[in-house]
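Asks: Okay, so here is entry.txt, and as you'll see once you scroll down, it has compact mmCIF, C-alpha atoms.
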```
# COMPACT_ATOMS: atom_id res chain seq x y z
CA MET A 106 0.00 0.00 0.00
CA LEU A 107 2.90 2.37 0.65
CA SER A 108 4.00 1.79 -2.95
CA ALA A 109 0.46 2.34 -4.26
CA ILE A 110 0.12 5.59 -2.30
CA HIS A 111 3.54 6.75 -3.55
CA GLU A 112 2.56 6.01 -7.16
CA SER A 113 -0.80 7.77 -6.72
CA ILE A 114 0.80 10.90 -5.29
CA ASP A 115 3.33 11.02 -8.14
CA LEU A 116 0.53 10.70 -10.71
CA ILE A 117 -1.50 13.43 -9.00
CA ALA A 118 1.49 15.77 -9.12
CA GLN A 119 2.11 14.96 -12.77
CA HIS A 120 -1.45 15.18 -14.08
CA HIS A 121 -3.25 17.47 -11.61
CA GLN A 122 -0.31 19.68 -10.60
CA VAL A 123 -1.22 19.11 -6.95
CA GLU A 124 1.36 18.19 -4.32
CA VAL A 125 -0.27 15.88 -1.75
CA ASP A 126 1.38 15.94 1.69
CA LEU A 127 0.39 12.89 3.72
CA ALA A 128 1.29 14.75 6.92
CA GLN A 129 -1.27 17.44 6.17
CA LEU A 130 -4.34 15.49 5.05
CA PRO A 131 -7.48 17.11 6.47
CA GLN A 132 -9.99 15.02 8.38
CA GLU A 133 -13.11 15.24 6.20
CA ASP A 134 -16.68 14.12 6.81
CA ALA A 135 -17.03 13.13 3.16
CA VAL A 136 -14.18 10.64 3.49
CA TYR A 137 -15.72 9.16 6.64
CA ASP A 138 -19.08 8.99 4.86
CA MET A 139 -17.41 6.83 2.21
CA ILE A 140 -15.90 4.62 4.91
CA CYS A 141 -19.25 4.25 6.74
CA ALA A 142 -20.83 3.17 3.46
CA ALA A 143 -18.14 0.44 3.16
CA ASP A 144 -17.07 1.93 -0.16
CA THR A 145 -13.57 0.67 0.53
CA ILE A 146 -12.50 -1.65 -2.29
CA GLY A 147 -8.77 -1.20 -2.80
CA VAL A 148 -8.02 0.79 0.36
CA PHE A 149 -5.74 -0.39 3.15
CA GLN A 150 -6.89 -2.89 5.80
CA ILE A 151 -10.66 -2.17 5.69
CA GLU A 152 -11.35 -3.73 2.28
CA SER A 153 -11.93 -7.31 3.48
CA ARG A 154 -15.46 -8.69 3.62
CA ALA A 155 -15.35 -8.82 7.42
CA GLN A 156 -14.24 -5.19 7.64
CA MET A 157 -16.80 -4.05 5.04
CA ALA A 158 -19.55 -5.81 6.98
CA THR A 159 -18.49 -4.05 10.18
CA LEU A 160 -18.03 -0.49 8.89
CA PRO A 161 -21.75 0.40 8.51
CA ARG A 162 -22.36 -0.82 12.08
CA LEU A 163 -19.33 0.76 13.71
CA ARG A 164 -19.65 3.97 11.62
CA PRO A 165 -16.17 5.48 12.15
CA ARG A 166 -16.30 9.28 12.38
CA THR A 167 -12.88 10.07 13.86
CA PHE A 168 -9.34 8.91 13.37
CA TYR A 169 -9.34 6.93 16.63
CA ASP A 170 -12.44 5.08 15.43
CA LEU A 171 -10.25 3.80 12.59
CA VAL A 172 -7.56 2.80 15.08
CA VAL A 173 -10.14 0.69 16.91
CA GLU A 174 -11.57 -0.73 13.67
CA VAL A 175 -8.14 -1.96 12.58
CA ALA A 176 -7.58 -3.75 15.90
CA LEU A 177 -11.14 -5.02 16.32
CA ILE A 178 -11.55 -7.11 13.18
CA ARG A 179 -8.78 -9.59 13.81
CA PRO A 180 -8.87 -13.29 14.78
CA GLY A 181 -8.06 -12.65 18.45
CA PRO A 182 -10.79 -10.08 19.26
CA ILE A 183 -13.28 -12.02 17.11
CA GLN A 184 -12.55 -15.29 18.94
CA GLY A 185 -12.43 -13.44 22.27
CA GLY A 186 -15.94 -12.05 21.78
CA SER A 187 -14.92 -8.38 21.77
CA VAL A 188 -16.46 -7.29 18.47
CA HIS A 189 -20.19 -7.27 19.17
CA PRO A 190 -19.96 -5.82 22.70
CA TYR A 191 -17.82 -2.96 21.43
CA ILE A 192 -20.18 -2.16 18.55
CA ARG A 193 -23.21 -2.26 20.85
CA ARG A 194 -21.51 0.05 23.34
CA ARG A 195 -20.33 2.33 20.53
CA ASN A 196 -23.93 2.64 19.32
CA GLY A 197 -25.37 3.12 22.79
CA THR A 198 -27.39 -0.09 22.90
CA GLU A 199 -25.31 -1.63 25.70
CA PRO A 200 -23.98 0.13 28.81
CA VAL A 201 -20.24 0.52 29.28
CA THR A 202 -19.23 -1.81 32.10
CA TYR A 203 -15.97 -3.15 33.54
CA LEU A 204 -15.11 -6.55 34.92
CA HIS A 205 -13.63 -4.72 37.91
CA PRO A 206 -13.45 -1.02 38.84
CA LEU A 207 -9.65 -1.12 38.66
CA LEU A 208 -9.89 -1.78 34.91
CA GLU A 209 -11.58 1.52 34.09
CA PRO A 210 -8.40 3.64 33.68
CA ALA A 211 -6.96 1.22 31.12
CA LEU A 212 -10.17 0.37 29.25
CA SER A 213 -12.23 3.58 29.26
CA LYS A 214 -11.06 4.66 25.79
CA THR A 215 -12.25 1.35 24.32
CA LEU A 216 -15.55 1.36 26.22
CA GLY A 217 -14.54 -1.37 28.66
CA VAL A 218 -13.52 -3.80 25.91
CA PRO A 219 -9.82 -4.82 25.94
CA LEU A 220 -8.20 -4.49 22.51
CA PHE A 221 -4.58 -3.40 22.74
CA GLN A 222 -1.41 -4.88 24.18
CA GLU A 223 -0.62 -1.51 25.71
CA GLN A 224 -3.85 -1.80 27.72
CA LEU A 225 -2.69 -5.09 29.20
CA ARG A 226 0.47 -3.33 30.34
CA GLN A 227 -1.61 -0.76 32.22
CA ILE A 228 -3.98 -3.44 33.53
CA ALA A 229 -1.05 -5.39 35.00
CA ILE A 230 0.05 -2.27 36.87
CA ASP A 231 -3.45 -1.38 38.07
CA VAL A 232 -4.85 -4.78 39.05
CA ALA A 233 -1.74 -6.78 39.94
CA GLY A 234 0.76 -4.21 41.19
CA PHE A 235 3.30 -4.84 38.44
CA THR A 236 6.13 -2.38 38.11
CA PRO A 237 6.31 -0.65 34.71
CA ALA A 238 9.29 -2.86 33.83
CA GLU A 239 7.39 -6.03 34.76
CA ALA A 240 4.35 -4.86 32.82
CA ASP A 241 6.45 -4.21 29.74
CA GLU A 242 7.98 -7.67 30.07
CA LEU A 243 4.45 -9.09 30.05
CA ARG A 244 3.62 -7.06 26.93
CA GLN A 245 6.76 -8.34 25.19
CA ALA A 246 6.00 -11.90 26.26
CA MET A 247 2.68 -11.66 24.43
CA GLY A 248 4.51 -11.24 21.10
CA SER A 249 4.89 -13.80 18.37
CA LYS A 250 8.11 -15.16 19.87
CA ARG A 251 6.55 -15.81 23.22
CA SER A 252 8.28 -18.13 25.67
CA ALA A 253 6.01 -20.62 27.42
CA GLU A 254 8.31 -20.62 30.46
CA ARG A 255 8.33 -16.83 30.71
CA MET A 256 4.57 -16.59 30.18
CA GLU A 257 3.94 -19.12 32.95
CA ARG A 258 6.17 -17.17 35.37
CA LEU A 259 4.39 -13.92 34.53
CA ARG A 260 1.00 -15.63 34.74
CA ARG A 261 1.72 -16.73 38.32
CA ARG A 262 2.91 -13.24 39.17
CA LEU A 263 -0.22 -11.70 37.63
CA TYR A 264 -2.62 -14.02 39.46
CA ALA A 265 -0.85 -13.45 42.77
CA GLY A 266 -1.06 -9.69 42.34
CA MET A 267 -4.73 -9.83 41.41
CA ALA A 268 -5.51 -12.06 44.38
CA GLU A 269 -3.97 -9.46 46.73
CA ARG A 270 -6.58 -7.00 45.39
CA GLY A 271 -9.49 -9.42 45.66
CA ILE A 272 -9.64 -10.33 41.96
CA GLU A 273 -9.93 -14.09 41.64
CA GLY A 274 -11.88 -16.80 39.88
CA GLU A 275 -13.58 -16.10 36.53
CA THR A 276 -12.76 -12.40 36.62
CA ALA A 277 -9.04 -13.16 36.92
CA GLU A 278 -9.33 -15.77 34.14
CA GLN A 279 -11.01 -13.28 31.77
CA ILE A 280 -8.37 -10.64 32.45
CA TYR A 281 -5.57 -13.10 31.73
CA ALA A 282 -7.33 -14.41 28.60
CA PHE A 283 -6.85 -11.00 27.04
CA ALA A 284 -3.11 -11.69 26.88
CA ASN A 285 -3.77 -14.15 24.06
CA TYR A 286 -5.12 -11.69 21.50
CA GLY A 287 -4.25 -8.07 22.22
CA PHE A 288 -3.05 -6.11 19.16
CA PRO A 289 -0.34 -3.43 19.47
CA GLU A 290 -1.99 -0.01 19.56
CA SER A 291 1.10 1.57 18.02
CA HIS A 292 0.69 -0.69 14.97
CA SER A 293 -3.00 0.06 14.78
CA VAL A 294 -2.37 3.82 14.79
CA SER A 295 0.15 3.45 11.95
CA PHE A 296 -2.22 1.25 9.99
CA ALA A 297 -5.12 3.62 10.58
CA TYR A 298 -3.14 6.47 9.09
CA LEU A 299 -2.67 4.47 5.89
CA VAL A 300 -6.37 3.55 6.00
CA TYR A 301 -7.34 7.22 6.02
CA ALA A 302 -4.70 8.26 3.48
CA SER A 303 -5.80 5.59 0.99
CA CYS A 304 -9.47 6.49 1.53
CA TRP A 305 -8.71 10.19 1.03
CA LEU A 306 -6.94 9.45 -2.26
CA LYS A 307 -9.73 7.15 -3.42
CA HIS A 308 -12.31 9.85 -2.64
CA HIS A 309 -10.53 12.85 -4.17
CA TYR A 310 -8.44 11.28 -6.96
CA PRO A 311 -10.06 7.94 -7.87
CA ALA A 312 -8.30 7.66 -11.25
CA ALA A 313 -4.82 8.22 -9.80
CA PHE A 314 -5.60 5.87 -6.91
CA CYS A 315 -6.75 3.14 -9.29
CA ALA A 316 -3.63 3.55 -11.41
CA GLY A 317 -1.46 3.47 -8.30
CA LEU A 318 -3.07 0.21 -7.19
CA LEU A 319 -2.62 -1.37 -10.62
CA ARG A 320 1.04 -0.32 -10.64
CA SER A 321 1.57 -2.07 -7.29
CA GLN A 322 0.05 -5.47 -7.98
CA PRO A 323 -0.14 -8.09 -6.63
CA MET A 324 -1.62 -6.78 -3.38
CA GLY A 325 -4.82 -6.70 -1.34
CA PHE A 326 -7.96 -8.77 -1.63
CA TYR A 327 -9.08 -7.82 -5.14
CA SER A 328 -7.97 -8.59 -8.67
CA PRO A 329 -7.05 -5.83 -11.15
CA HIS A 330 -10.34 -6.51 -12.92
CA THR A 331 -12.32 -5.83 -9.74
CA LEU A 332 -10.32 -2.66 -9.05
CA VAL A 333 -11.04 -1.43 -12.58
CA GLN A 334 -14.75 -2.19 -12.26
CA ASP A 335 -14.89 -0.33 -8.95
CA ALA A 336 -13.14 2.69 -10.48
CA ARG A 337 -15.67 2.71 -13.33
CA ARG A 338 -18.52 2.65 -10.82
CA HIS A 339 -16.99 5.83 -9.40
CA GLY A 340 -17.11 7.53 -12.78
CA VAL A 341 -13.51 6.90 -13.79
CA GLU A 342 -12.94 6.19 -17.48
CA VAL A 343 -10.61 3.23 -17.81
CA LEU A 344 -9.12 2.83 -21.28
CA GLY A 345 -7.71 -0.43 -22.55
CA PRO A 346 -4.16 -1.14 -23.68
CA ASP A 347 -3.17 0.68 -26.88
CA MET A 348 -0.01 0.18 -28.94
CA ASP A 349 0.23 3.93 -29.54
CA ARG A 350 -0.84 5.39 -26.19
CA SER A 351 0.00 2.84 -23.50
CA GLU A 352 3.17 2.79 -21.48
CA TRP A 353 4.63 -0.38 -20.06
CA ARG A 354 2.54 0.05 -16.92
CA THR A 355 -0.77 1.73 -16.16
CA GLY A 356 -0.85 5.52 -16.25
CA LEU A 357 -3.18 8.49 -16.67
CA GLU A 358 -4.06 10.62 -19.68
CA ARG A 359 -6.39 13.42 -20.64
CA CYS A 360 -9.57 12.21 -22.29
CA ASP A 361 -12.14 13.69 -24.68
CA GLY A 362 -10.03 16.82 -25.14
CA SER A 363 -11.01 18.07 -21.68
CA LEU A 364 -8.52 19.70 -19.35
CA ASP A 365 -10.41 18.41 -16.33
CA GLU A 366 -11.12 14.78 -17.17
CA ILE A 367 -8.39 12.27 -16.39
CA ALA A 368 -8.67 8.69 -17.60
CA VAL A 369 -6.77 5.57 -16.59
CA ARG A 370 -4.87 3.99 -19.47
CA LEU A 371 -4.01 0.34 -18.86
CA GLY A 372 -0.39 -0.53 -19.47
CA PHE A 373 1.05 -3.32 -21.56
CA ASN A 374 1.79 -5.34 -18.43
CA GLN A 375 -1.95 -5.65 -17.76
CA VAL A 376 -2.25 -7.84 -20.87
CA ARG A 377 -2.22 -11.57 -20.34
CA HIS A 378 1.16 -13.21 -21.09
CA VAL A 379 2.93 -9.82 -21.10
CA GLY A 380 5.29 -9.54 -18.15
CA ASP A 381 7.06 -6.42 -16.98
CA ASP A 382 10.23 -7.03 -19.04
CA LEU A 383 8.32 -7.55 -22.28
CA ALA A 384 6.05 -4.60 -21.46
CA ARG A 385 9.11 -2.37 -21.12
CA SER A 386 10.42 -3.67 -24.45
CA LEU A 387 7.09 -2.90 -26.12
CA GLU A 388 7.22 0.67 -24.80
CA ARG A 389 10.83 1.22 -25.88
CA ALA A 390 10.09 0.01 -29.42
CA LYS A 391 7.30 2.53 -30.05
CA PRO A 392 5.98 3.82 -32.38
CA TYR A 393 4.47 0.97 -34.36
CA GLY A 394 3.07 1.34 -37.85
CA SER A 395 0.82 -1.70 -37.98
CA ILE A 396 0.06 -5.10 -36.54
CA ASP A 397 2.53 -6.52 -39.04
CA ASP A 398 5.13 -4.14 -37.66
CA VAL A 399 4.60 -5.50 -34.14
CA ALA A 400 4.64 -9.08 -35.42
CA ARG A 401 7.73 -8.51 -37.60
CA ARG A 402 9.75 -7.10 -34.72
CA GLY A 403 8.68 -10.10 -32.69
CA ALA A 404 9.90 -12.44 -35.41
CA ASP A 405 13.20 -10.58 -35.53
CA GLY A 406 13.54 -10.91 -31.75
CA ALA A 407 13.84 -7.17 -31.28
CA VAL A 408 10.88 -7.05 -28.89
CA GLY A 409 10.25 -10.70 -28.09
CA VAL A 410 6.61 -10.87 -29.18
CA THR A 411 5.35 -14.41 -29.69
CA ARG A 412 2.18 -15.44 -31.43
CA ARG A 413 0.55 -16.01 -28.05
CA VAL A 414 1.42 -12.44 -27.03
CA LEU A 415 0.05 -11.07 -30.32
CA GLU A 416 -3.21 -12.90 -29.70
CA SER A 417 -3.40 -11.51 -26.18
CA LEU A 418 -2.73 -7.96 -27.38
CA ALA A 419 -5.42 -8.37 -30.03
CA THR A 420 -7.93 -9.74 -27.51
CA ALA A 421 -7.19 -6.80 -25.19
CA GLY A 422 -7.91 -4.35 -28.02
CA ALA A 423 -4.37 -2.99 -28.21
CA PHE A 424 -4.43 -2.98 -32.03
CA ARG A 425 -7.52 -0.79 -32.43
CA CYS A 426 -5.22 2.17 -33.06
CA PHE A 427 -4.32 0.59 -36.43
CA GLU A 428 -7.93 0.29 -37.64
CA ALA A 429 -7.85 3.67 -39.40
CA ASP A 430 -5.06 2.32 -41.56
CA GLY A 431 -7.23 -0.52 -42.70
```
How would this structure read if it were set down as structure tokens?
Replies:
Amino acid sequence: MLSAIHESIDLIAQHHQVEVDLAQLPQEDAVYDMICAADTIGVFQIESRAQMATLPRLRPRTFYDLVVEVALIRPGPIQGGSVHPYIRRRNGTEPVTYLHPLLEPALSKTLGVPLFQEQLRQIAIDVAGFTPAEADELRQAMGSKRSAERMERLRRRLYAGMAERGIEGETAEQIYAFANYGFPESHSVSFAYLVYASCWLKHHYPAAFCAGLLRSQPMGFYSPHTLVQDARRHGVEVLGPDMDRSEWRTGLERCDGSLDEIAVRLGFNQVRHVGDDLARSLERAKPYGSIDDVARRGADGAVGVTRRVLESLATAGAFRCFEADG
């Protein structure tokens, strides 16, 4: 996604003469409206079916809502039963409650639902008397390279500390269970920024965003065909490969003689059987005078066009530019 955003920003500067600064993107209701409508094909993180099903219910309206969304729809919180309680509390249909009053300082910002590893660190301090160093050791132990021996030692320490404060039984078990699925809040904040940036680009510059995604394949949940269809639904004109006008990869061009309308022009590498190296060769060998010209250079080995490639270019419509010549 970083590559796609980079490509999109470069295309915007080239074709719209606008310099987009990711550090200065305004928080806009229109962008959040798009997110709430789950109009998120191609954007970062929130394009999966599970995320798209959640967005209209969670209805993110602020940046921190996106931070929560990123952390919420993951295997751990889903298996831990955090998703539905959080959404109900977010929508005011369930009261915000805490397993124990000592949990409120750590969990108030997520409505009493534990989501982040950093929250477990604070919980260990508040409910078990951990020192900050011990709490950070617990947070680190929750990582992917967790040590069973270290986790067991910290588990005993956590339970002993909770027992001193009268937290035992099922309540203690539920607090410890959180250690199995907390997501780093720092990661979620970073991801959420890319979520918003990609949504902002999709909303304001859908053609450049589509071209940026196509330049960065393979990535994400959706095929290039689906990304193109989504762009067309948003009013973007997507033009097929053309031996005269295409570059080796997808780009933008003015369309219909208008200074305002920008179209996506598919590159040679979007054609079946045409890889990046051959696509670059096709671009370098331009201009072409006819289909025979393309085929002849292929036979001579100058471009490397085989009969299968010629058939693919023809099927993609890349030879339409020669029709005027008969």
Asks: Which one of A:Ala421, A:Ala246, A:Ala158, A:Ala312 sits closest to Gly340 of chain A if you count all atoms listed in the file?
Replies: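 Nearest to Gly340 of chain A: A:Ala312.
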Asks: I'd like the contact shell of segment 346-354 of chain A - 10 Å cut-off, only C-alpha atoms, skipping same-chain residues fewer than 3 positions apart - returned as a ChimeraX atom specification.
Replies: /A:316,319-321,343,357-358,370-376,379-389,391-396,399,418-419,421-427
Asks: Could you write those residues out with C-alpha atoms, as a PDB file, in the coordinates of the input?
Replies:
```
ATOM      1  CA  ALA A 316      -3.630   3.550 -11.410  1.00  0.00           C
ATOM      2  CA  LEU A 319      -2.620  -1.370 -10.620  1.00  0.00           C
ATOM      3  CA  ARG A 320       1.040  -0.320 -10.640  1.00  0.00           C
ATOM      4  CA  SER A 321       1.570  -2.070  -7.290  1.00  0.00           C
ATOM      5  CA  VAL A 343     -10.610   3.230 -17.810  1.00  0.00           C
ATOM      6  CA  LEU A 357      -3.180   8.490 -16.670  1.00  0.00           C
ATOM      7  CA  GLU A 358      -4.060  10.620 -19.680  1.00  0.00           C
ATOM      8  CA  ARG A 370      -4.870   3.990 -19.470  1.00  0.00           C
ATOM      9  CA  LEU A 371      -4.010   0.340 -18.860  1.00  0.00           C
ATOM     10  CA  GLY A 372      -0.390  -0.530 -19.470  1.00  0.00           C
ATOM     11  CA  PHE A 373       1.050  -3.320 -21.560  1.00  0.00           C
ATOM     12  CA  ASN A 374       1.790  -5.340 -18.430  1.00  0.00           C
ATOM     13  CA  GLN A 375      -1.950  -5.650 -17.760  1.00  0.00           C
ATOM     14  CA  VAL A 376      -2.250  -7.840 -20.870  1.00  0.00           C
ATOM     15  CA  VAL A 379       2.930  -9.820 -21.100  1.00  0.00           C
ATOM     16  CA  GLY A 380       5.290  -9.540 -18.150  1.00  0.00           C
ATOM     17  CA  ASP A 381       7.060  -6.420 -16.980  1.00  0.00           C
ATOM     18  CA  ASP A 382      10.230  -7.030 -19.040  1.00  0.00           C
ATOM     19  CA  LEU A 383       8.320  -7.550 -22.280  1.00  0.00           C
ATOM     20  CA  ALA A 384       6.050  -4.600 -21.460  1.00  0.00           C
ATOM     21  CA  ARG A 385       9.110  -2.370 -21.120  1.00  0.00           C
ATOM     22  CA  SER A 386      10.420  -3.670 -24.450  1.00  0.00           C
ATOM     23  CA  LEU A 387       7.090  -2.900 -26.120  1.00  0.00           C
ATOM     24  CA  GLU A 388       7.220   0.670 -24.800  1.00  0.00           C
ATOM     25  CA  ARG A 389      10.830   1.220 -25.880  1.00  0.00           C
ATOM     26  CA  LYS A 391       7.300   2.530 -30.050  1.00  0.00           C
ATOM     27  CA  PRO A 392       5.980   3.820 -32.380  1.00  0.00           C
ATOM     28  CA  TYR A 393       4.470   0.970 -34.360  1.00  0.00           C
ATOM     29  CA  GLY A 394       3.070   1.340 -37.850  1.00  0.00           C
ATOM     30  CA  SER A 395       0.820  -1.700 -37.980  1.00  0.00           C
ATOM     31  CA  ILE A 396       0.060  -5.100 -36.540  1.00  0.00           C
ATOM     32  CA  VAL A 399       4.600  -5.500 -34.140  1.00  0.00           C
ATOM     33  CA  LEU A 418      -2.730  -7.960 -27.380  1.00  0.00           C
ATOM     34  CA  ALA A 419      -5.420  -8.370 -30.030  1.00  0.00           C
ATOM     35  CA  ALA A 421      -7.190  -6.800 -25.190  1.00  0.00           C
ATOM     36  CA  GLY A 422      -7.910  -4.350 -28.020  1.00  0.00           C
ATOM     37  CA  ALA A 423      -4.370  -2.990 -28.210  1.00  0.00           C
ATOM     38  CA  PHE A 424      -4.430  -2.980 -32.030  1.00  0.00           C
ATOM     39  CA  ARG A 425      -7.520  -0.790 -32.430  1.00  0.00           C
ATOM     40  CA  CYS A 426      -5.220   2.170 -33.060  1.00  0.00           C
ATOM     41  CA  PHE A 427      -4.320   0.590 -36.430  1.00  0.00           C
TER      42      PHE A 427
END
```
Asks: Select, counting only C-alpha atoms, all protein, DNA and RNA residues no farther than 12 Å from (0.0, 11.4, 0.8) in file coordinates, and express the selection as a ChimeraX atom specification.
Replies: /A:106-118,123-131,298-307,309-310,314
Asks: I need every residue sitting at most 12 Å from the point (-3.3, -4.6, 17.4) (coordinates as in the file, only C-alpha atoms considered), written as an MDAnalysis selection string.
Replies: chainID A and resid 171:182 219:225 247:248 284:297
Asks: Atom CA of Ile192 of chain A and atom CA of Pro161 of chain A, how far apart in Å?
Replies: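 Value for the atom CA of Pro161 of chain A-atom CA of Ile192 of chain A distance: 10.5 Å.
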Asks: So how far away is atom CA of Gln279 of chain A from atom CA of Arg162 of chain A, in Å?
Replies: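 About the pair atom CA of Arg162 of chain A and atom CA of Gln279 of chain A: they are 25.9 Å apart.
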Asks: Kindly complete segment 285-296 of chain A to N, CA, C and O atoms; the output should be written as a JSON list (two decimals), in the coordinates of the input.
Replies:
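What ended up in rebuild-v7.json:
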```json
[["chain", "number", "residue", "atom", "x", "y", "z"],
["A", 285, "ASN", "N", -3.91, -13.29, 25.22],
["A", 285, "ASN", "CA", -3.77, -14.15, 24.06],
["A", 285, "ASN", "C", -4.11, -13.45, 22.74],
["A", 285, "ASN", "O", -3.84, -14.00, 21.68],
["A", 286, "TYR", "N", -4.72, -12.27, 22.80],
["A", 286, "TYR", "CA", -5.12, -11.69, 21.50],
["A", 286, "TYR", "C", -4.99, -10.18, 21.38],
["A", 286, "TYR", "O", -5.42, -9.60, 20.39],
["A", 287, "GLY", "N", -4.38, -9.52, 22.33],
["A", 287, "GLY", "CA", -4.25, -8.07, 22.22],
["A", 287, "GLY", "C", -3.39, -7.67, 21.02],
["A", 287, "GLY", "O", -2.37, -8.30, 20.73],
["A", 288, "PHE", "N", -3.78, -6.61, 20.32],
["A", 288, "PHE", "CA", -3.05, -6.11, 19.16],
["A", 288, "PHE", "C", -2.30, -4.85, 19.56],
["A", 288, "PHE", "O", -2.83, -4.03, 20.32],
["A", 289, "PRO", "N", -1.08, -4.63, 19.08],
["A", 289, "PRO", "CA", -0.34, -3.43, 19.47],
["A", 289, "PRO", "C", -1.05, -2.15, 19.00],
["A", 289, "PRO", "O", -1.32, -1.98, 17.81],
["A", 290, "GLU", "N", -1.33, -1.26, 19.92],
["A", 290, "GLU", "CA", -1.99, -0.01, 19.56],
["A", 290, "GLU", "C", -1.11, 0.84, 18.65],
["A", 290, "GLU", "O", -1.61, 1.52, 17.74],
["A", 291, "SER", "N", 0.18, 0.80, 18.87],
["A", 291, "SER", "CA", 1.10, 1.57, 18.02],
["A", 291, "SER", "C", 0.99, 1.13, 16.56],
["A", 291, "SER", "O", 1.00, 1.96, 15.64],
["A", 292, "HIS", "N", 0.88, -0.18, 16.34],
["A", 292, "HIS", "CA", 0.69, -0.69, 14.97],
["A", 292, "HIS", "C", -0.65, -0.22, 14.42],
["A", 292, "HIS", "O", -0.75, 0.17, 13.26],
["A", 293, "SER", "N", -1.66, -0.30, 15.23],
["A", 293, "SER", "CA", -3.00, 0.06, 14.78],
["A", 293, "SER", "C", -3.08, 1.53, 14.39],
["A", 293, "SER", "O", -3.74, 1.88, 13.41],
["A", 294, "VAL", "N", -2.39, 2.39, 15.14],
["A", 294, "VAL", "CA", -2.37, 3.82, 14.79],
["A", 294, "VAL", "C", -1.69, 4.01, 13.43],
["A", 294, "VAL", "O", -2.18, 4.76, 12.57],
["A", 295, "SER", "N", -0.56, 3.34, 13.23],
["A", 295, "SER", "CA", 0.15, 3.45, 11.95],
["A", 295, "SER", "C", -0.71, 2.94, 10.80],
["A", 295, "SER", "O", -0.79, 3.57, 9.74],
["A", 296, "PHE", "N", -1.35, 1.80, 11.03],
["A", 296, "PHE", "CA", -2.22, 1.25, 9.99],
["A", 296, "PHE", "C", -3.39, 2.18, 9.70],
["A", 296, "PHE", "O", -3.77, 2.39, 8.55]]
```
